[in-house]
file data.tsv (TSV, C-alpha atoms and all ligand atoms)
chain	number	residue	atom	x	y	z
U	5	MET	CA	-18.14	-14.03	12.45
U	6	THR	CA	-19.66	-15.29	9.20
U	7	ILE	CA	-19.50	-12.86	6.34
U	8	ASP	CA	-22.56	-12.28	4.20
U	9	ARG	CA	-21.00	-11.79	0.78
U	10	ASN	CA	-24.41	-11.17	-0.77
U	11	ALA	CA	-25.10	-8.18	1.48
U	12	PRO	CA	-24.15	-4.76	0.06
U	13	PRO	CA	-20.45	-4.17	0.83
U	14	LEU	CA	-19.55	-1.82	3.67
U	15	LEU	CA	-16.76	-0.32	1.55
U	16	ARG	CA	-16.61	-0.26	-2.23
U	17	VAL	CA	-13.71	1.32	-4.06
U	18	GLU	CA	-14.30	1.97	-7.75
U	19	ASP	CA	-11.65	2.85	-10.33
U	20	LEU	CA	-9.59	4.68	-7.72
U	21	ALA	CA	-6.57	6.65	-8.96
U	22	ARG	CA	-4.11	9.08	-7.45
U	23	VAL	CA	-1.44	10.95	-9.38
U	24	PHE	CA	1.33	12.87	-7.58
U	25	ASP	CA	3.15	15.75	-9.24
U	26	VAL	CA	6.83	15.06	-8.54
U	27	SER	CA	8.20	17.80	-10.82
U	28	LYS	CA	11.17	19.86	-9.77
U	29	PRO	CA	10.41	23.52	-8.95
U	30	TRP	CA	9.61	25.71	-11.96
U	31	LEU	CA	12.99	27.48	-12.14
U	32	ALA	CA	15.00	24.25	-11.90
U	33	ARG	CA	12.86	22.77	-14.68
U	34	MET	CA	13.50	25.78	-16.90
U	35	ILE	CA	17.27	25.68	-16.33
U	36	GLU	CA	17.57	21.92	-16.76
U	37	ARG	CA	14.95	21.85	-19.58
U	38	GLU	CA	13.05	19.11	-17.82
U	39	PRO	CA	9.35	18.40	-18.34
U	40	ARG	CA	6.93	18.07	-15.44
U	41	ARG	CA	6.87	14.57	-13.99
U	42	PHE	CA	4.01	12.61	-12.47
U	43	VAL	CA	3.69	9.35	-10.52
U	44	LYS	CA	0.56	7.26	-10.91
U	45	ALA	CA	0.71	5.95	-7.32
U	46	VAL	CA	-2.70	4.27	-7.67
U	47	ASP	CA	-4.28	3.55	-11.03
U	48	GLY	CA	-7.75	2.10	-11.60
U	49	VAL	CA	-8.10	0.13	-8.36
U	50	SER	CA	-11.47	-1.48	-7.55
U	51	PHE	CA	-12.41	-3.81	-4.69
U	52	SER	CA	-15.12	-4.20	-2.11
U	53	ILE	CA	-15.21	-5.29	1.53
U	54	ALA	CA	-18.18	-6.98	3.17
U	55	LYS	CA	-19.21	-6.18	6.73
U	56	GLY	CA	-17.11	-8.21	9.20
U	57	GLU	CA	-14.50	-9.04	6.57
U	58	THR	CA	-10.74	-8.48	6.55
U	59	PHE	CA	-9.45	-7.42	3.14
U	60	ALA	CA	-5.67	-7.29	2.83
U	61	LEU	CA	-3.76	-5.17	0.35
U	62	VAL	CA	-0.32	-6.65	-0.20
U	63	GLY	CA	2.59	-5.50	-2.34
U	64	GLU	CA	6.21	-4.41	-2.32
U	65	SER	CA	7.31	-0.99	-1.13
U	66	GLY	CA	6.02	1.76	-3.42
U	67	SER	CA	3.13	-0.31	-4.83
U	68	GLY	CA	0.56	2.20	-3.58
U	69	LYS	CA	-0.77	0.50	-0.43
U	70	SER	CA	-0.49	3.50	1.89
U	71	THR	CA	-1.82	5.88	-0.73
U	72	ILE	CA	-5.01	3.79	-0.95
U	73	ALA	CA	-5.29	3.69	2.85
U	74	ARG	CA	-4.83	7.44	3.10
U	75	MET	CA	-7.51	8.07	0.47
U	76	VAL	CA	-9.98	5.73	2.19
U	77	VAL	CA	-9.67	7.58	5.50
U	78	GLY	CA	-9.79	10.98	3.80
U	79	LEU	CA	-6.22	12.13	4.47
U	80	ILE	CA	-5.70	12.71	0.73
U	81	ARG	CA	-8.11	13.12	-2.17
U	82	PRO	CA	-8.25	10.75	-5.12
U	83	THR	CA	-7.48	12.07	-8.59
U	84	ARG	CA	-10.25	9.84	-9.93
U	85	GLY	CA	-12.72	7.23	-8.71
U	86	ARG	CA	-15.22	6.66	-5.95
U	87	ILE	CA	-14.94	5.40	-2.37
U	88	LEU	CA	-18.38	4.28	-1.24
U	89	PHE	CA	-18.78	3.76	2.50
U	90	ASP	CA	-22.24	2.41	3.22
U	91	ASN	CA	-23.19	3.71	-0.23
U	92	VAL	CA	-22.04	7.30	0.39
U	93	ASP	CA	-19.17	8.52	-1.82
U	94	ILE	CA	-16.78	9.77	0.84
U	95	ALA	CA	-14.35	11.04	-1.82
U	96	ASP	CA	-16.97	13.39	-3.30
U	97	PRO	CA	-16.14	16.97	-2.22
U	98	GLY	CA	-19.88	17.76	-2.42
U	99	ARG	CA	-20.64	15.28	0.39
U	100	THR	CA	-18.54	16.90	3.12
U	101	ALA	CA	-21.45	17.07	5.58
U	102	ASP	CA	-22.30	13.37	5.10
U	103	VAL	CA	-18.63	12.46	5.44
U	104	ALA	CA	-18.31	14.37	8.71
U	105	ARG	CA	-21.26	12.33	10.02
U	106	LEU	CA	-19.70	9.07	8.81
U	107	ARG	CA	-16.21	9.87	10.15
U	108	ARG	CA	-16.91	8.31	13.55
U	109	ARG	CA	-17.67	4.99	11.87
U	110	PHE	CA	-14.17	4.57	10.44
U	111	GLN	CA	-10.78	4.82	12.08
U	112	MET	CA	-7.14	4.14	11.26
U	113	ILE	CA	-4.30	2.34	13.05
U	114	PHE	CA	-0.83	3.32	11.86
U	115	GLN	CA	2.37	1.36	11.51
U	116	ASP	CA	4.45	3.12	14.09
U	117	PRO	CA	2.92	3.22	17.57
U	118	PHE	CA	5.90	5.31	18.69
U	119	ALA	CA	5.01	8.12	16.31
U	120	SER	CA	1.21	7.92	16.40
U	121	LEU	CA	0.73	8.58	20.15
U	122	ASN	CA	1.37	12.10	21.36
U	123	PRO	CA	4.18	11.77	23.94
U	124	ARG	CA	3.01	14.83	25.90
U	125	PHE	CA	-0.41	13.39	26.81
U	126	ARG	CA	-1.31	10.75	29.35
U	127	VAL	CA	-2.68	7.52	27.91
U	128	ASP	CA	-6.18	8.15	29.32
U	129	ALA	CA	-6.32	11.52	27.52
U	130	ILE	CA	-5.11	9.94	24.27
U	131	ILE	CA	-7.79	7.24	24.39
U	132	ALA	CA	-10.52	9.70	25.41
U	133	GLU	CA	-9.75	12.08	22.54
U	134	PRO	CA	-12.23	10.58	20.00
U	135	LEU	CA	-14.97	10.58	22.66
U	136	THR	CA	-14.76	14.32	23.12
U	137	ALA	CA	-13.81	15.12	19.49
U	138	PHE	CA	-16.98	13.45	18.21
U	139	GLY	CA	-19.04	14.92	21.07
U	140	LEU	CA	-19.99	11.46	22.31
U	141	MET	CA	-19.31	12.10	25.99
U	142	SER	CA	-18.65	15.09	28.20
U	143	ASP	CA	-19.17	13.78	31.73
U	144	ARG	CA	-15.78	13.16	33.34
U	145	ALA	CA	-16.75	10.05	35.33
U	146	GLU	CA	-18.41	8.55	32.25
U	147	ILE	CA	-15.26	9.17	30.16
U	148	GLU	CA	-13.04	7.66	32.87
U	149	ALA	CA	-15.20	4.53	33.01
U	150	ARG	CA	-15.18	4.19	29.22
U	151	VAL	CA	-11.37	4.59	29.06
U	152	ALA	CA	-10.94	1.93	31.79
U	153	ASP	CA	-13.18	-0.43	29.80
U	154	LEU	CA	-11.20	0.22	26.62
U	155	LEU	CA	-7.89	-0.48	28.38
U	156	LYS	CA	-9.29	-3.78	29.68
U	157	LEU	CA	-10.55	-4.61	26.22
U	158	VAL	CA	-7.01	-4.38	24.82
U	159	ARG	CA	-5.71	-6.37	27.80
U	160	LEU	CA	-4.02	-3.51	29.63
U	161	ASP	CA	-4.51	-2.45	33.23
U	162	PRO	CA	-6.94	0.48	33.74
U	163	ALA	CA	-4.29	2.01	36.04
U	164	ASP	CA	-2.06	2.30	32.94
U	165	GLY	CA	-4.20	5.27	31.87
U	166	ARG	CA	-2.22	7.51	34.22
U	167	LYS	CA	1.08	6.75	32.46
U	168	TYR	CA	2.67	8.32	29.38
U	169	PRO	CA	3.33	6.51	26.04
U	170	HIS	CA	7.12	6.29	26.63
U	171	GLU	CA	6.47	4.04	29.65
U	172	PHE	CA	5.17	1.25	27.40
U	173	SER	CA	6.69	-1.30	25.03
U	174	GLY	CA	5.96	-1.25	21.29
U	175	GLY	CA	3.27	-3.93	21.54
U	176	GLN	CA	1.59	-2.15	24.46
U	177	ARG	CA	1.63	1.13	22.56
U	178	GLN	CA	-0.07	-0.52	19.60
U	179	ARG	CA	-2.73	-1.79	22.05
U	180	ILE	CA	-3.21	1.80	23.24
U	181	ALA	CA	-3.58	2.91	19.60
U	182	ILE	CA	-6.19	0.16	19.13
U	183	ALA	CA	-8.06	1.29	22.27
U	184	ARG	CA	-8.15	4.84	20.92
U	185	ALA	CA	-9.35	3.62	17.52
U	186	LEU	CA	-12.17	1.69	19.24
U	187	ALA	CA	-13.24	4.53	21.54
U	188	ALA	CA	-15.94	5.89	19.26
U	189	ASN	CA	-17.37	2.44	18.42
U	190	PRO	CA	-16.25	2.39	14.77
U	191	GLU	CA	-17.36	-0.29	12.31
U	192	PHE	CA	-14.46	-0.07	9.90
U	193	ILE	CA	-10.73	0.19	10.69
U	194	VAL	CA	-7.91	0.77	8.23
U	195	CYS	CA	-4.81	-0.92	9.64
U	196	ASP	CA	-1.63	0.26	7.90
U	197	GLU	CA	1.17	-2.26	8.65
U	198	PRO	CA	-0.13	-2.56	12.25
U	199	THR	CA	2.58	-4.97	13.41
U	200	SER	CA	5.55	-4.43	11.13
U	201	ALA	CA	7.35	-2.20	13.65
U	202	LEU	CA	6.98	-4.84	16.40
U	203	ASP	CA	9.10	-7.82	17.45
U	204	VAL	CA	7.97	-11.07	15.87
U	205	SER	CA	6.94	-12.52	19.27
U	206	VAL	CA	4.66	-9.55	19.91
U	207	GLN	CA	3.19	-9.41	16.40
U	208	ALA	CA	1.03	-12.51	16.87
U	209	GLN	CA	-0.39	-11.18	20.16
U	210	VAL	CA	-1.48	-7.92	18.55
U	211	LEU	CA	-2.91	-9.71	15.48
U	212	ASN	CA	-4.84	-12.14	17.69
U	213	LEU	CA	-6.19	-9.24	19.72
U	214	MET	CA	-7.36	-7.60	16.49
U	215	ARG	CA	-9.13	-10.80	15.47
U	216	ASP	CA	-10.81	-11.18	18.87
U	217	LEU	CA	-12.02	-7.58	18.73
U	218	GLN	CA	-13.29	-8.16	15.19
U	219	ASP	CA	-15.36	-11.13	16.37
U	220	GLU	CA	-16.65	-9.31	19.42
U	221	PHE	CA	-17.69	-6.11	17.66
U	222	GLY	CA	-18.25	-7.27	14.07
U	223	LEU	CA	-15.45	-4.98	12.85
U	224	THR	CA	-14.43	-4.72	9.22
U	225	TYR	CA	-10.72	-4.31	8.45
U	226	LEU	CA	-8.76	-3.00	5.50
U	227	LEU	CA	-5.32	-4.40	6.28
U	228	ILE	CA	-2.25	-2.95	4.57
U	229	THR	CA	0.81	-5.18	4.76
U	230	HIS	CA	3.79	-6.51	2.86
U	231	ASN	CA	3.88	-9.63	5.05
U	232	LEU	CA	2.26	-12.73	3.55
U	233	ALA	CA	2.18	-14.58	6.88
U	234	VAL	CA	0.08	-11.73	8.29
U	235	VAL	CA	-2.22	-11.92	5.26
U	236	ARG	CA	-2.69	-15.65	5.70
U	237	HIS	CA	-3.39	-15.29	9.43
U	238	MET	CA	-5.84	-12.42	9.11
U	239	ALA	CA	-7.42	-11.90	5.72
U	240	ASP	CA	-10.56	-13.29	4.08
U	241	ASP	CA	-9.71	-11.72	0.72
U	242	VAL	CA	-6.47	-10.34	-0.70
U	243	GLY	CA	-5.63	-7.73	-3.31
U	244	VAL	CA	-2.09	-7.94	-4.71
U	245	LEU	CA	-0.82	-4.53	-5.79
U	246	TYR	CA	1.90	-3.94	-8.33
U	247	LEU	CA	2.90	-0.41	-9.36
U	248	GLY	CA	-0.42	1.06	-8.30
U	249	ARG	CA	-2.62	-1.54	-10.02
U	250	LEU	CA	-4.28	-4.67	-8.65
U	251	ALA	CA	-2.59	-7.66	-10.27
U	252	GLU	CA	-4.90	-10.16	-8.57
U	253	VAL	CA	-7.80	-10.16	-6.14
U	254	ALA	CA	-8.80	-13.50	-4.60
U	255	PRO	CA	-10.10	-15.22	-1.47
U	256	THR	CA	-7.07	-15.84	0.79
U	257	GLU	CA	-7.21	-19.65	0.73
U	258	GLU	CA	-7.48	-19.64	-3.04
U	259	LEU	CA	-4.63	-17.20	-3.49
U	260	PHE	CA	-2.25	-19.28	-1.38
U	261	ALA	CA	-3.35	-22.61	-2.84
U	262	ARG	CA	-3.29	-21.47	-6.45
U	263	PRO	CA	-1.75	-18.08	-7.16
U	264	ARG	CA	-2.70	-17.11	-10.70
U	265	HIS	CA	-0.74	-13.98	-11.45
U	266	PRO	CA	3.02	-14.58	-12.03
U	267	TYR	CA	3.73	-11.73	-9.61
U	268	THR	CA	1.64	-13.35	-6.85
U	269	ARG	CA	3.52	-16.59	-7.47
U	270	MET	CA	6.85	-14.77	-7.27
U	271	LEU	CA	5.87	-13.27	-3.90
U	272	LEU	CA	4.77	-16.66	-2.54
U	273	ASP	CA	7.84	-18.48	-3.89
U	274	ALA	CA	10.05	-15.97	-2.07
U	275	VAL	CA	8.73	-17.10	1.32
U	276	PRO	CA	11.09	-19.69	2.87
U	277	ASP	CA	9.64	-23.21	3.11
U	278	LEU	CA	10.67	-24.24	6.61
U	279	ARG	CA	9.23	-27.76	6.51
U	280	PRO	CA	11.64	-30.73	6.44
U	281	GLY	CA	12.71	-31.25	2.84
U	282	GLY	CA	11.08	-27.97	1.80
U	283	ARG	CA	12.43	-26.57	-1.42
U	284	PRO	CA	14.74	-23.56	-1.20
U	285	ARG	CA	13.06	-20.20	-1.53
U	286	ARG	CA	13.28	-18.52	-4.89
U	287	ALA	CA	14.44	-14.94	-4.59
U	288	ILE	CA	12.25	-12.19	-5.99
U	289	THR	CA	13.89	-11.28	-9.28
U	290	GLY	CA	14.22	-7.86	-10.87
U	291	GLU	CA	13.40	-4.50	-9.38
U	292	ILE	CA	10.22	-2.49	-9.35
U	293	PRO	CA	10.48	-0.12	-12.35
U	294	ASN	CA	10.61	3.61	-11.79
U	295	PRO	CA	6.95	4.62	-11.29
U	296	ILE	CA	7.61	7.96	-13.06
U	297	ASP	CA	8.35	6.07	-16.26
U	298	PRO	CA	6.57	2.69	-16.03
U	299	PRO	CA	7.05	0.05	-18.76
U	300	PRO	CA	4.47	-0.07	-21.57
U	301	GLY	CA	1.93	-2.89	-21.80
U	302	CYS	CA	1.72	-4.96	-18.62
U	303	THR	CA	3.92	-3.08	-16.13
U	304	PHE	CA	5.11	-6.42	-14.69
U	305	HIS	CA	6.43	-7.70	-18.05
U	306	PRO	CA	10.16	-6.89	-17.49
U	307	ARG	CA	10.15	-9.23	-14.45
U	308	CYS	CA	7.73	-11.82	-15.73
U	309	PRO	CA	8.89	-15.31	-16.82
U	310	LEU	CA	5.77	-15.66	-19.00
U	311	ALA	CA	5.93	-12.32	-20.82
U	312	ASP	CA	5.49	-12.34	-24.58
U	313	ASP	CA	5.00	-9.67	-27.25
U	314	ARG	CA	1.42	-8.97	-26.32
U	315	CYS	CA	2.42	-8.36	-22.68
U	316	ARG	CA	5.05	-5.86	-23.83
U	317	ARG	CA	2.48	-3.94	-25.91
U	318	GLU	CA	-0.94	-4.20	-24.31
U	319	ALA	CA	-2.04	-3.57	-20.71
U	320	PRO	CA	-4.14	-6.54	-19.54
U	321	GLY	CA	-7.75	-6.24	-18.46
U	322	TYR	CA	-9.19	-8.50	-15.78
U	323	THR	CA	-9.92	-12.20	-16.29
U	324	ARG	CA	-12.21	-14.02	-13.85
U	325	ASP	CA	-10.97	-17.44	-12.77
U	326	GLY	CA	-12.74	-19.24	-9.89
U	327	GLY	CA	-13.11	-16.69	-7.12
U	328	ALA	CA	-10.19	-14.63	-8.44
U	329	ARG	CA	-9.88	-11.59	-10.70
U	330	VAL	CA	-6.50	-11.44	-12.44
U	331	ALA	CA	-4.86	-8.83	-14.71
U	332	CYS	CA	-2.67	-11.09	-16.85
U	333	HIS	CA	-2.63	-12.07	-20.54
U	334	ALA	CA	-1.02	-15.44	-19.68
U	335	VAL	CA	-3.88	-16.29	-17.32
U	336	GLU	CA	-6.41	-15.20	-19.94
U	337	GLU	CA	-4.67	-17.41	-22.52
U	338	GLY	CA	-4.32	-20.36	-20.08
U	339	ARG	CA	-0.51	-20.56	-20.17
U	340	THR	CA	0.42	-20.25	-16.47
U	341	GLU	CA	2.06	-22.57	-13.95
U	342	THR	CA	-0.59	-24.47	-12.01
U	343	ALA	CA	1.33	-26.34	-9.28
U	344	PRO	CA	0.80	-24.83	-5.83
U	345	PRO	CA	3.80	-22.95	-4.45
U	346	ALA	CA	5.65	-25.30	-2.11
U	347	ALA	CA	5.92	-23.00	0.89
U	348	PHE	CA	2.17	-22.66	1.13
U	349	ALA	CA	1.09	-26.02	-0.29
U	350	LEU	CA	-1.99	-27.09	1.61
U	351	ALA	CA	-1.88	-30.41	3.41
U	401	LIG	N1	3.06	12.69	-1.24
U	401	LIG	C1	3.66	12.09	-2.26
U	401	LIG	N2	4.30	12.81	-3.21
U	401	LIG	C2	4.89	12.21	-4.27
U	401	LIG	N3	4.93	10.88	-4.46
U	401	LIG	C3	4.33	10.10	-3.54
U	401	LIG	C4	3.66	10.67	-2.40
U	401	LIG	N4	3.14	9.64	-1.65
U	401	LIG	C5	3.47	8.51	-2.31
U	401	LIG	N5	4.17	8.78	-3.44
U	401	LIG	C6	4.67	7.80	-4.42
U	401	LIG	O1	3.58	6.95	-4.75
U	401	LIG	C7	4.03	5.60	-4.90
U	401	LIG	C8	3.24	4.72	-3.95
U	401	LIG	O2	3.62	5.02	-2.61
U	401	LIG	P1	2.95	4.35	-1.31
U	401	LIG	O3	3.58	4.97	-0.11
U	401	LIG	O4	1.49	4.40	-1.43
U	401	LIG	O5	3.44	2.83	-1.46
U	401	LIG	P2	3.44	1.67	-0.37
U	401	LIG	O6	3.08	0.43	-1.12
U	401	LIG	O7	2.57	2.05	0.78
U	401	LIG	O8	4.94	1.62	0.05
U	401	LIG	P3	5.58	1.39	1.52
U	401	LIG	O9	5.30	-0.06	1.85
U	401	LIG	O10	7.03	1.68	1.30
U	401	LIG	O11	4.90	2.37	2.44
U	401	LIG	C9	5.51	5.61	-4.66
U	401	LIG	O12	6.17	5.69	-5.92
U	401	LIG	C10	5.73	6.87	-3.86
U	401	LIG	O13	7.02	7.38	-4.08
call {"tool": "encode", "arguments": {"input": "data.tsv", "output": "structure tokens"}}
result
Amino acid sequence: MTIDRNAPPLLRVEDLARVFDVSKPWLARMIEREPRRFVKAVDGVSFSIAKGETFALVGESGSGKSTIARMVVGLIRPTRGRILFDNVDIADPGRTADVARLRRRFQMIFQDPFASLNPRFRVDAIIAEPLTAFGLMSDRAEIEARVADLLKLVRLDPADGRKYPHEFSGGQRQRIAIARALAANPEFIVCDEPTSALDVSVQAQVLNLMRDLQDEFGLTYLLITHNLAVVRHMADDVGVLYLGRLAEVAPTEELFARPRHPYTRMLLDAVPDLRPGGRPRRAITGEIPNPIDPPPGCTFHPRCPLADDRCRREAPGYTRDGGARVACHAVEEGRTETAPPAAFALA
């Protein structure tokens, strides 16, 4: 499907932030004379997703990917910012009635298909649940026919509806989760690490199914992943998260051909280059700082080969470069590496 980038985005996230209070209980704090502690899990994140597009959020563990996903689907509230779905702020507590109406139009697929399907229910009941929950169908024969269609759509046998989740493999369970997500004809699906619990051989099948369904139904995906191969296979645009902030947002091809942010480059350089004569992978250096006490200035500076005094003092704003938006003083000052990373060099 071609994406109309000039059309109003289906989802627009503006200056999104979420702070978690991770203080010890009051009495323990008093005894140990400890102050309250907070984690800025997400801090000033903005991006938009066009209809029919796949936008990937990528980053190491703890970078805030799942927190963003959970805010977008309404499982947790933002501390600050707006989440506009079809121009309605779904994070605004005053819009609860509108959000309830919009709920059917967005769905979520979780990482672990073993945990996300209720083991006590038959597969047909699991898939039918959104149909009855949203009051879309009540006639039994109609529901049965719809469930059979959904099972066929995800390339399972309609007879599988009579089985229980434990009778299926991981990949098949994720297909069942996809069928359930599609039941109410949603337009937008948040996919949180949809294949990372699956065997490598099965991952591609599930990703290809997701792409086929996207083409067939014009679906829009927010894809959460730490896997760059998945990003390259699936995404139109990518946001690279580091400690709750977007380091770089760029069209996928551009990001892989010419990563601007030193953190993006570090992630790409860490992917093994399996071609004959490919250069050895460079390991990711340094550790993610403690998010309770992040470094001053640019939070990436302790791991950054290009960091200077300004980076240690001043948090960077965004610089536009080609189709990319990058939070980096070195990019702004034009002192970055420009060679493409070998593993992803384009032929
Ligand atoms: N409910 C919570 N209470 C306190 N801290 C939380 C909570 N949820 C997330 N955090 C913290 O927020 C930060 C971001 O976490 P998040 O799970 O969003 O990251 P992630 O990128 O999805 O990581 P992973 O890939 O490991 O799931 C982490 O420092 C995490 O410890």
call {"tool": "residues_around", "arguments": {"input": "data.tsv", "residues": "Ile113 in chain U", "least_positions_apart": "5", "cutoff": "8 Å", "atoms": "only C-alpha atoms", "output": "ChimeraX atom specification"}}
result
/U:181-182,185,193-196,198
call {"tool": "closest_residue", "arguments": {"input": "data.tsv", "among": "U:Asp216, U:Asp47, U:Glu38, U:Glu291", "to": "Ala251 in chain U", "atoms": "all atoms listed in the file"}}
result
U:Asp47
call {"tool": "closest_residue", "arguments": {"input": "data.tsv", "among": "U:Thr224, U:Ser52, U:Asn91, U:Gln115", "to": "ligand LIG 401 (chain U)", "atoms": "only C-alpha atoms and all ligand atoms"}}
result
U:Gln115
call {"tool": "closest_residue", "arguments": {"input": "data.tsv", "among": "U:Thr268, U:Asn294, U:Gln176, U:Thr323", "to": "Gly63 in chain U", "atoms": "all atoms listed in the file"}}
result
U:Thr268
call {"tool": "residues_near_ligand", "arguments": {"input": "data.tsv", "ligand": "ligand LIG 401 (chain U)", "cutoff": "10 Å", "atoms": "all atoms listed in the file", "output": "MDAnalysis selection string"}}
result
chainID U and resid 22:27 42:46 61:75 80 115 196:197 228:230 245:248 292:296
call {"tool": "residues_around", "arguments": {"input": "data.tsv", "residues": "Glu146 in chain U", "least_positions_apart": "6", "cutoff": "12 Å", "atoms": "only C-alpha atoms", "output": "list in words"}}
result
Ala132, Leu135, Thr136, Leu140, Ala152 and Asp153 of chain U
call {"tool": "closest_residue", "arguments": {"input": "data.tsv", "among": "U:Val151, U:Gly338, U:Arg307, U:Asp273", "to": "Ala261 in chain U", "atoms": "only C-alpha atoms"}}
result
U:Asp273
call {"tool": "closest_residue", "arguments": {"input": "data.tsv", "among": "U:Arg107, U:Arg150, U:Arg177, U:His305", "to": "Val206 in chain U", "atoms": "all atoms listed in the file"}}
result
U:Arg177
call {"tool": "closest_residue", "arguments": {"input": "data.tsv", "among": "U:Gln111, U:Thr289, U:Asn189, U:Thr303", "to": "Arg249 in chain U", "atoms": "only C-alpha atoms"}}
result
U:Thr303
call {"tool": "axis_aligned_box", "arguments": {"input": "data.tsv", "around": "range 182-196 of chain U", "padding_each_side": "3 Å", "output": "JSON"}}
result
{"center_x": -9.5, "center_y": 2.5, "center_z": 15.1, "size_x": 21.7, "size_y": 12.8, "size_z": 20.4}
call {"tool": "atom_distance", "arguments": {"input": "data.tsv", "atom1": "CA of Tyr322 in chain U", "atom2": "CA of Val253 in chain U"}}
result
9.9 Å
call {"tool": "atom_distance", "arguments": {"input": "data.tsv", "atom1": "CA of Thr100 in chain U", "atom2": "CA of Glu191 in chain U"}}
result
19.5 Å
call {"tool": "atom_distance", "arguments": {"input": "data.tsv", "atom1": "CA of Asp143 in chain U", "atom2": "CA of Pro123 in chain U"}}
result
24.7 Å
call {"tool": "residues_around", "arguments": {"input": "data.tsv", "residues": "Ile288 in chain U", "least_positions_apart": "6", "cutoff": "10 Å", "atoms": "only C-alpha atoms", "output": "list in words"}}
result
Tyr267, Arg269, Met270, Leu271, Leu272, Asp273, Ala274, Val275 and Arg307 of chain U
call {"tool": "residues_near_point", "arguments": {"input": "data.tsv", "point": "(-12.6, 13.5, -2.2)", "cutoff": "7 Å", "atoms": "only C-alpha atoms", "output": "count of residues only"}}
result
6
call {"tool": "decode", "arguments": {"input": "data.tsv", "residues": "range 69-86 of chain U", "atoms": "C-alpha atoms", "output": "PDB file, in the first residue's frame"}}
result
ATOM      1  CA  LYS U  69       9.465   1.290  24.236  1.00  0.00           C
ATOM      2  CA  SER U  70       6.814  -0.647  26.144  1.00  0.00           C
ATOM      3  CA  THR U  71       5.853   2.363  28.229  1.00  0.00           C
ATOM      4  CA  ILE U  72       5.044   4.271  25.024  1.00  0.00           C
ATOM      5  CA  ALA U  73       3.066   1.302  23.670  1.00  0.00           C
ATOM      6  CA  ARG U  74       1.101   0.997  26.900  1.00  0.00           C
ATOM      7  CA  MET U  75       0.259   4.706  26.885  1.00  0.00           C
ATOM      8  CA  VAL U  76      -0.876   4.601  23.247  1.00  0.00           C
ATOM      9  CA  VAL U  77      -3.343   1.782  23.928  1.00  0.00           C
ATOM     10  CA  GLY U  78      -4.533   3.394  27.168  1.00  0.00           C
ATOM     11  CA  LEU U  79      -3.156   0.859  29.655  1.00  0.00           C
ATOM     12  CA  ILE U  80      -1.322   3.650  31.505  1.00  0.00           C
ATOM     13  CA  ARG U  81      -1.736   7.420  31.524  1.00  0.00           C
ATOM     14  CA  PRO U  82       0.962   9.830  30.384  1.00  0.00           C
ATOM     15  CA  THR U  83       2.408  12.295  32.877  1.00  0.00           C
ATOM     16  CA  ARG U  84       2.502  14.874  30.093  1.00  0.00           C
ATOM     17  CA  GLY U  85       1.765  15.175  26.381  1.00  0.00           C
ATOM     18  CA  ARG U  86      -0.901  14.306  23.871  1.00  0.00           C
TER      19      ARG U  86
END
